[in-house]
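The next block is target.txt, given as compact mmCIF, C-alpha atoms.
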```txt
# COMPACT_ATOMS: atom_id res chain seq x y z
CA MET A 1 6.37 -7.02 -15.78
CA ASN A 2 3.29 -8.29 -13.94
CA VAL A 3 1.31 -5.44 -12.39
CA LEU A 4 -1.59 -5.68 -9.96
CA TRP A 5 -3.79 -2.56 -10.04
CA VAL A 6 -5.81 -2.11 -6.83
CA PHE A 7 -8.53 0.49 -7.43
CA ALA A 8 -10.62 2.01 -4.64
CA HIS A 9 -13.22 4.42 -5.99
CA PRO A 10 -16.99 3.80 -6.12
CA GLU A 11 -17.51 5.38 -9.56
CA ARG A 12 -15.71 4.08 -12.64
CA ARG A 13 -16.75 7.22 -14.59
CA SER A 14 -14.91 9.43 -12.11
CA LEU A 15 -11.58 11.19 -12.57
CA ASN A 16 -9.98 8.20 -10.87
CA GLY A 17 -11.71 5.82 -13.26
CA SER A 18 -10.48 7.76 -16.29
CA LEU A 19 -6.93 7.88 -14.96
CA ARG A 20 -7.01 4.18 -14.22
CA ASP A 21 -8.02 3.48 -17.82
CA GLU A 22 -5.16 5.68 -19.07
CA GLY A 23 -2.64 3.84 -16.91
CA VAL A 24 -3.86 0.37 -17.79
CA ARG A 25 -3.76 1.14 -21.53
CA ALA A 26 -0.23 2.48 -21.18
CA LEU A 27 0.89 -0.70 -19.41
CA ALA A 28 -0.67 -2.87 -22.11
CA ASP A 29 0.90 -0.79 -24.89
CA ALA A 30 4.29 -1.19 -23.21
CA GLY A 31 3.90 -4.99 -23.09
CA HIS A 32 3.16 -5.41 -19.38
CA ASP A 33 0.55 -7.81 -17.99
CA CYS A 34 -2.02 -6.31 -15.65
CA ARG A 35 -4.53 -7.82 -13.24
CA HIS A 36 -7.15 -5.88 -11.34
CA SER A 37 -8.74 -5.61 -7.92
CA ASP A 38 -11.57 -3.09 -8.37
CA LEU A 39 -12.68 -3.19 -4.75
CA TYR A 40 -16.07 -1.47 -5.04
CA ALA A 41 -16.98 -3.40 -8.18
CA MET A 42 -15.98 -6.62 -6.41
CA GLY A 43 -18.14 -5.79 -3.39
CA TRP A 44 -15.06 -6.32 -1.25
CA LYS A 45 -15.84 -6.95 2.43
CA PRO A 46 -13.60 -4.57 4.39
CA THR A 47 -14.14 -5.90 7.92
CA VAL A 48 -12.18 -8.64 9.65
CA ASP A 49 -14.18 -11.40 11.37
CA ARG A 50 -14.02 -15.12 12.17
CA ASP A 51 -15.23 -16.06 8.70
CA ASP A 52 -11.92 -14.80 7.31
CA PHE A 53 -10.13 -17.60 9.12
CA GLY A 54 -12.59 -20.47 8.77
CA GLU A 55 -13.35 -20.33 12.47
CA ARG A 56 -16.77 -20.82 14.01
CA PRO A 57 -17.86 -19.03 17.16
CA GLY A 58 -16.89 -20.97 20.28
CA PRO A 59 -17.73 -20.56 23.94
CA SER A 60 -18.40 -17.09 25.23
CA ASP A 61 -14.85 -16.89 26.59
CA ASP A 62 -13.29 -18.00 23.29
CA ARG A 63 -11.83 -14.68 22.20
CA LEU A 64 -10.89 -13.97 18.59
CA ILE A 65 -7.21 -13.00 18.58
CA VAL A 66 -6.84 -11.74 15.03
CA THR A 67 -3.05 -12.06 14.75
CA SER A 68 -2.99 -15.67 15.96
CA ALA A 69 -6.07 -16.66 13.97
CA SER A 70 -4.77 -15.13 10.76
CA ARG A 71 -1.36 -16.78 11.08
CA ARG A 72 -3.00 -20.14 11.76
CA ALA A 73 -5.42 -19.79 8.85
CA HIS A 74 -2.62 -18.78 6.49
CA ARG A 75 -0.53 -21.75 7.60
CA ASP A 76 -3.42 -24.23 7.40
CA GLY A 77 -4.91 -22.91 4.14
CA THR A 78 -8.24 -21.97 5.74
CA LEU A 79 -8.31 -18.27 4.82
CA SER A 80 -11.53 -17.30 3.05
CA PRO A 81 -11.46 -17.67 -0.76
CA ASP A 82 -11.58 -13.93 -1.43
CA ILE A 83 -8.48 -13.35 0.70
CA ARG A 84 -6.61 -16.22 -0.95
CA ALA A 85 -7.51 -14.85 -4.39
CA GLU A 86 -5.98 -11.47 -3.54
CA GLN A 87 -2.85 -13.10 -2.15
CA GLU A 88 -2.49 -15.11 -5.33
CA LYS A 89 -2.61 -11.87 -7.32
CA LEU A 90 0.06 -10.39 -5.06
CA ASP A 91 2.23 -13.49 -5.43
CA TRP A 92 1.94 -13.14 -9.23
CA ALA A 93 2.72 -9.43 -9.28
CA ASP A 94 6.11 -7.82 -9.67
CA ALA A 95 4.58 -4.42 -8.92
CA VAL A 96 1.40 -3.11 -7.31
CA VAL A 97 -0.41 0.13 -8.16
CA LEU A 98 -2.68 1.36 -5.38
CA GLN A 99 -5.10 4.04 -6.58
CA PHE A 100 -7.55 5.96 -4.42
CA PRO A 101 -8.93 9.41 -3.59
CA LEU A 102 -7.57 11.00 -0.42
CA TRP A 103 -10.49 11.07 2.04
CA TRP A 104 -10.03 12.54 5.51
CA TYR A 105 -6.26 12.26 5.30
CA GLY A 106 -6.32 8.60 4.39
CA MET A 107 -7.45 5.91 2.02
CA PRO A 108 -11.12 4.90 1.67
CA ALA A 109 -12.22 2.37 4.28
CA ILE A 110 -12.64 -0.34 1.65
CA LEU A 111 -8.93 -0.15 0.78
CA LYS A 112 -7.89 -0.10 4.44
CA GLY A 113 -10.02 -3.22 4.80
CA TRP A 114 -8.20 -4.82 1.87
CA PHE A 115 -4.93 -4.42 3.75
CA ASP A 116 -6.49 -5.55 7.04
CA ARG A 117 -7.78 -8.78 5.52
CA VAL A 118 -5.14 -9.64 2.90
CA PHE A 119 -1.92 -8.69 4.69
CA VAL A 120 -2.29 -11.36 7.37
CA LYS A 121 0.34 -12.46 9.85
CA GLY A 122 2.70 -15.02 8.39
CA TYR A 123 2.10 -13.68 4.88
CA ALA A 124 2.85 -9.95 4.94
CA TYR A 125 4.26 -9.54 8.43
CA GLY A 126 5.34 -11.50 11.47
CA VAL A 127 7.97 -13.31 9.43
CA THR A 128 11.12 -14.23 11.36
CA ASP A 129 14.64 -14.17 9.98
CA PRO A 130 15.86 -17.79 9.74
CA GLY A 131 19.44 -16.60 10.09
CA HIS A 132 18.72 -14.57 13.23
CA PRO A 133 16.13 -16.22 15.50
CA GLY A 134 14.02 -13.64 17.27
CA ARG A 135 14.55 -10.98 14.60
CA THR A 136 11.52 -10.03 12.52
CA LEU A 137 11.85 -9.27 8.82
CA ARG A 138 10.17 -5.90 8.31
CA TYR A 139 10.88 -2.36 7.15
CA GLY A 140 12.58 -3.28 3.90
CA GLN A 141 12.62 -7.04 4.40
CA GLY A 142 9.97 -9.73 4.40
CA LEU A 143 8.07 -12.01 2.08
CA LEU A 144 6.89 -9.10 -0.10
CA ALA A 145 10.42 -7.81 -0.65
CA GLY A 146 11.28 -7.40 -4.31
CA LYS A 147 7.83 -6.14 -5.26
CA ARG A 148 7.48 -2.49 -6.23
CA ALA A 149 4.61 -0.33 -4.98
CA LEU A 150 3.27 2.83 -6.60
CA VAL A 151 0.56 4.90 -4.91
CA VAL A 152 -1.68 7.00 -7.17
CA VAL A 153 -3.76 9.48 -5.21
CA THR A 154 -6.18 12.26 -6.08
CA ALA A 155 -6.79 15.14 -3.67
CA GLY A 156 -9.24 18.01 -3.68
CA SER A 157 -6.59 20.24 -2.16
CA PRO A 158 -4.47 22.50 -4.36
CA GLU A 159 -0.85 21.43 -4.50
CA PRO A 160 0.66 24.22 -2.34
CA ALA A 161 -1.70 23.40 0.55
CA LEU A 162 -0.29 19.84 0.59
CA GLY A 163 3.28 21.13 0.43
CA PRO A 164 5.98 21.56 3.10
CA ARG A 165 4.26 24.60 4.68
CA GLY A 166 0.72 23.95 3.49
CA ILE A 167 -2.14 23.84 5.95
CA ASN A 168 -3.08 20.31 4.89
CA GLY A 169 0.36 18.92 5.71
CA GLN A 170 3.11 17.68 3.43
CA LEU A 171 1.78 14.91 1.20
CA ASP A 172 4.53 12.38 1.92
CA HIS A 173 3.86 12.91 5.65
CA VAL A 174 0.12 12.45 5.14
CA LEU A 175 0.82 9.19 3.27
CA PHE A 176 3.58 8.04 5.66
CA PRO A 177 1.40 5.40 7.38
CA LEU A 178 0.80 3.76 4.00
CA LEU A 179 4.17 4.32 2.33
CA HIS A 180 6.38 3.51 5.29
CA GLY A 181 4.12 1.83 7.84
CA THR A 182 2.45 -0.62 5.47
CA LEU A 183 4.28 -1.01 2.16
CA TRP A 184 7.87 -0.58 3.37
CA TYR A 185 7.03 -2.44 6.59
CA THR A 186 6.12 -5.52 4.57
CA GLY A 187 9.32 -5.27 2.52
CA MET A 188 7.99 -3.68 -0.66
CA THR A 189 10.09 -1.18 -2.59
CA VAL A 190 8.12 2.06 -2.38
CA LEU A 191 8.17 4.54 -5.27
CA PRO A 192 7.42 8.27 -4.99
CA PRO A 193 3.63 8.64 -5.24
CA VAL A 194 1.74 10.12 -8.16
CA ALA A 195 -0.56 12.89 -6.94
CA VAL A 196 -3.29 14.71 -8.84
CA TYR A 197 -4.33 17.90 -7.02
CA GLY A 198 -7.49 19.97 -7.31
CA ALA A 199 -9.32 16.83 -8.33
CA ASP A 200 -12.80 18.30 -7.88
CA ARG A 201 -12.22 20.99 -10.47
CA LEU A 202 -9.63 19.72 -12.92
CA PRO A 203 -9.81 21.51 -16.30
CA PRO A 204 -9.15 19.55 -19.51
CA ARG A 205 -5.59 20.80 -19.95
CA GLU A 206 -4.61 19.77 -16.44
CA TYR A 207 -6.32 16.42 -16.90
CA GLU A 208 -4.16 15.76 -19.95
CA GLU A 209 -1.07 16.68 -17.94
CA ALA A 210 -2.11 14.33 -15.13
CA ALA A 211 -2.84 11.52 -17.57
CA ALA A 212 0.53 11.98 -19.27
CA LEU A 213 2.30 11.93 -15.90
CA LEU A 214 0.49 8.75 -14.89
CA ARG A 215 1.30 7.02 -18.19
CA GLU A 216 4.96 7.90 -17.80
CA ARG A 217 5.13 6.77 -14.19
CA VAL A 218 3.40 3.41 -14.62
CA THR A 219 5.43 2.48 -17.69
CA SER A 220 8.67 3.31 -15.85
CA ILE A 221 7.65 1.50 -12.67
CA GLY A 222 10.55 -0.91 -12.97
CA ASP A 223 13.15 1.85 -13.30
CA THR A 224 11.97 4.59 -10.94
CA GLU A 225 14.27 5.39 -8.04
CA PRO A 226 12.47 4.39 -4.82
CA LEU A 227 11.97 6.42 -1.67
CA PRO A 228 15.17 6.04 0.42
CA PHE A 229 13.64 4.60 3.58
CA ARG A 230 16.04 3.17 6.13
CA PHE A 231 16.16 -0.59 6.69
CA GLN A 232 15.25 -1.73 10.18
CA ASN A 233 17.97 -4.38 10.21
CA GLY A 234 20.59 -2.35 8.38
CA GLY A 235 22.29 -0.98 11.49
CA ASP A 236 20.62 2.44 11.62
CA TYR A 237 18.42 1.59 14.63
CA ASP A 238 19.31 0.46 18.13
CA ASP A 239 17.80 -2.49 20.00
CA ASP A 240 14.76 -0.36 20.90
CA LEU A 241 14.26 0.45 17.19
CA VAL A 242 15.21 4.09 17.76
CA LEU A 243 17.41 5.82 15.19
CA ARG A 244 21.01 6.01 16.36
CA PRO A 245 21.90 9.48 17.73
CA ASP A 246 24.75 9.92 15.25
CA LEU A 247 22.31 9.72 12.34
CA ALA A 248 20.33 12.90 11.60
CA PRO A 249 21.63 14.33 14.92
CA GLY A 250 19.17 16.61 16.67
CA ALA A 251 16.42 15.96 14.14
CA THR A 252 13.06 14.41 14.96
CA GLY A 253 9.90 13.57 13.08
CA LEU A 254 9.11 11.44 10.09
CA GLY A 255 11.92 12.76 7.93
CA VAL A 256 14.63 11.03 9.98
CA HIS A 257 13.53 7.68 8.56
CA TYR A 258 14.72 8.68 5.10
CA ALA A 259 18.40 7.96 4.44
CA PRO A 260 20.33 10.90 2.92
```
Encoded form using structure tokens:
Amino acid sequence: MNVLWVFAHPERRSLNGSLRDEGVRALADAGHDCRHSDLYAMGWKPTVDRDDFGERPGPSDDRLIVTSASRRAHRDGTLSPDIRAEQEKLDWADAVVLQFPLWWYGMPAILKGWFDRVFVKGYAYGVTDPGHPGRTLRYGQGLLAGKRALVVVTAGSPEPALGPRGINGQLDHVLFPLLHGTLWYTGMTVLPPVAVYGADRLPPREYEEAAALLRERVTSIGDTEPLPFRFQNGGDYDDDLVLRPDLAPGATGLGVHYAP
């Protein structure tokens, strides 16, 4: 299996760096090929601008419309070289590991910027269904369908505080914008995340447990049962993309988008 490991931590000697090394070694030992996007080490530019699309500033009233410009640049082959290089890695990969520390309930800005710049319209979204004109392929369908995605996250919080009644919110709800709104939206098969809690004070025994868990999860990435998100075009949603009332009747919130 071809695995792209996207790493978003500024210090390679950190807990995240050590876990990344454990996971990469386990993949190699199991016979998988691995490529890397170490975003801080690469000096990745996280902000979207005209240079991404090969466009020069025009008249003062020439607005940059990012969606249109990105689709045009993807179609015409004028995306900046760093974006094209990341898309080539994604095209090569059967699975993607996304590793980061949880900062302020989300991913570091540099990783958000990786998605903003690499997942352009016409490549990761905005793809129409040739069999149904006007229907967009998303939420389980799209050009990235067939690729598996595994999120590896470290959190300073203890595990109970990121549980169903924890003050920090349930982890899968905290990660819902990434798991469902980005990865599943673009068609990727999303696996249950790997979480390492209490990351600021992890004793050696718990580090070994976390490393063993990570090794097991990355080497079984092709066999792990994915999160059971509902398909947009599978009949569960009405024309307004609202879940049908006969499904999860009376329930609201993020949990209704998981099929039983």
### Query
Quick one: of A:Cys34, A:Leu137, A:Ala28, A:Leu214, who's nearest to Gln99 (chain A), counting all atoms listed in the file?
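Among the listed residues, the smallest separation from Gln99 (chain A) belongs to A:Leu214.
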### Task
Please provide as a list in words all residues within 12 Å of Lys89 (chain A), with the sequence filter that same-chain residues fewer than 5 positions apart are discarded (counting all atoms listed in the file).
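Once the nearby chain positions are removed, what remains is Asn2, Val3, Leu4, Trp5, Val6, Asp33, Cys34, Arg35, His36, Ser37, Asp82, Ile83, Arg84, Asp94, Ala95, Val96 and Val118 of chain A.
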## Note on the structure
Pairwise distance, CA of Tyr258 (chain A) with CA of Ala145 (chain A), equals 18.0 Å
Using all atoms listed in the file, what table do you get, as a tab-separated table, when you list each residue of region 121-204 of chain A with an atom no more than 10 Å from region 218-222 of chain A, its nearest pair of atoms, and their distance in Å rounded to one decimal, rows by chain then rising number?
```
residue	atom	partner	partner_atom	distance
A:Lys147	CA	A:Gly222	CA	9.7
A:Arg148	CA	A:Gly222	CA	7.6
A:Ala149	CA	A:Ile221	CA	8.5
A:Leu150	CA	A:Ile221	CA	7.6
A:Val152	CA	A:Val218	CA	9.7
A:Leu191	CA	A:Ile221	CA	8.0
A:Val194	CA	A:Val218	CA	9.5
```
Can I get the residues of region 100-163 of chain A within 9 Å of region 173-185 of chain A, each with the closest pair of atoms and their distance in Å to one decimal, using all atoms listed in the file, sorted chain first then ascending number, as CSV?
```
residue,atom,partner,partner_atom,distance
A:Tyr105,CA,A:Val174,CA,6.4
A:Gly106,CA,A:Leu175,CA,7.3
A:Met107,CA,A:Leu178,CA,8.8
A:Phe115,CA,A:Thr182,CA,8.5
A:Ala124,CA,A:Tyr185,CA,8.8
A:Tyr125,CA,A:Tyr185,CA,7.8
A:Leu137,CA,A:Tyr185,CA,8.7
A:Arg138,CA,A:Tyr185,CA,5.0
A:Tyr139,CA,A:Tyr185,CA,3.9
A:Gly140,CA,A:Trp184,CA,5.5
A:Gln141,CA,A:Tyr185,CA,7.6
A:Gly142,CA,A:Tyr185,CA,8.2
A:Leu144,CA,A:Leu183,CA,8.8
A:Ala145,CA,A:Trp184,CA,8.7
A:Ala149,CA,A:Leu183,CA,7.2
A:Val151,CA,A:Leu179,CA,8.1
A:Leu162,CA,A:Val174,CA,8.7
```
### Task
Work out how far apart CA of Ala69 (chain A) and CA of Phe53 (chain A) are and give it in Å to one decimal.
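About the pair CA of Ala69 (chain A) and CA of Phe53 (chain A): they are 6.4 Å apart.
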### Message
When you count only C-alpha atoms, which of these residues is closest to Ile110 (chain A): A:Arg63, A:Arg205, A:Arg217, A:His9?
### Response
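Looking at the shortest contact to Ile110 (chain A), the residue is A:His9.
Taking CA of Arg244 (chain A) as the reference point, CA of Val127 (chain A) is found at 24.3 Å.
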### For Glu209 (chain A), the nearest of the candidates A:Pro133, A:Arg165, A:Glu22, A:Leu98, counting all atoms listed in the file
A:Glu22
### Message
Given the point (13.2, 6.7, 3.7) in the coordinates of this file, which residues lie within 9 Å, counting only C-alpha atoms, and how would they look as a count of residues only?
### Response
14
#### Entry: From A:Asn16, A:Ala73, A:Leu102, A:Asp116, residue lying nearest Lys45 (chain A) [only C-alpha atoms]
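For Lys45 (chain A), the nearest of the candidates is A:Asp116.
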### Query
Ala155 (chain A): which residues within 9 Å, counting all atoms listed in the file, same-chain residues fewer than 4 positions away excluded, as a PyMOL selection string?
chain A and resi 101-103+159+195-200
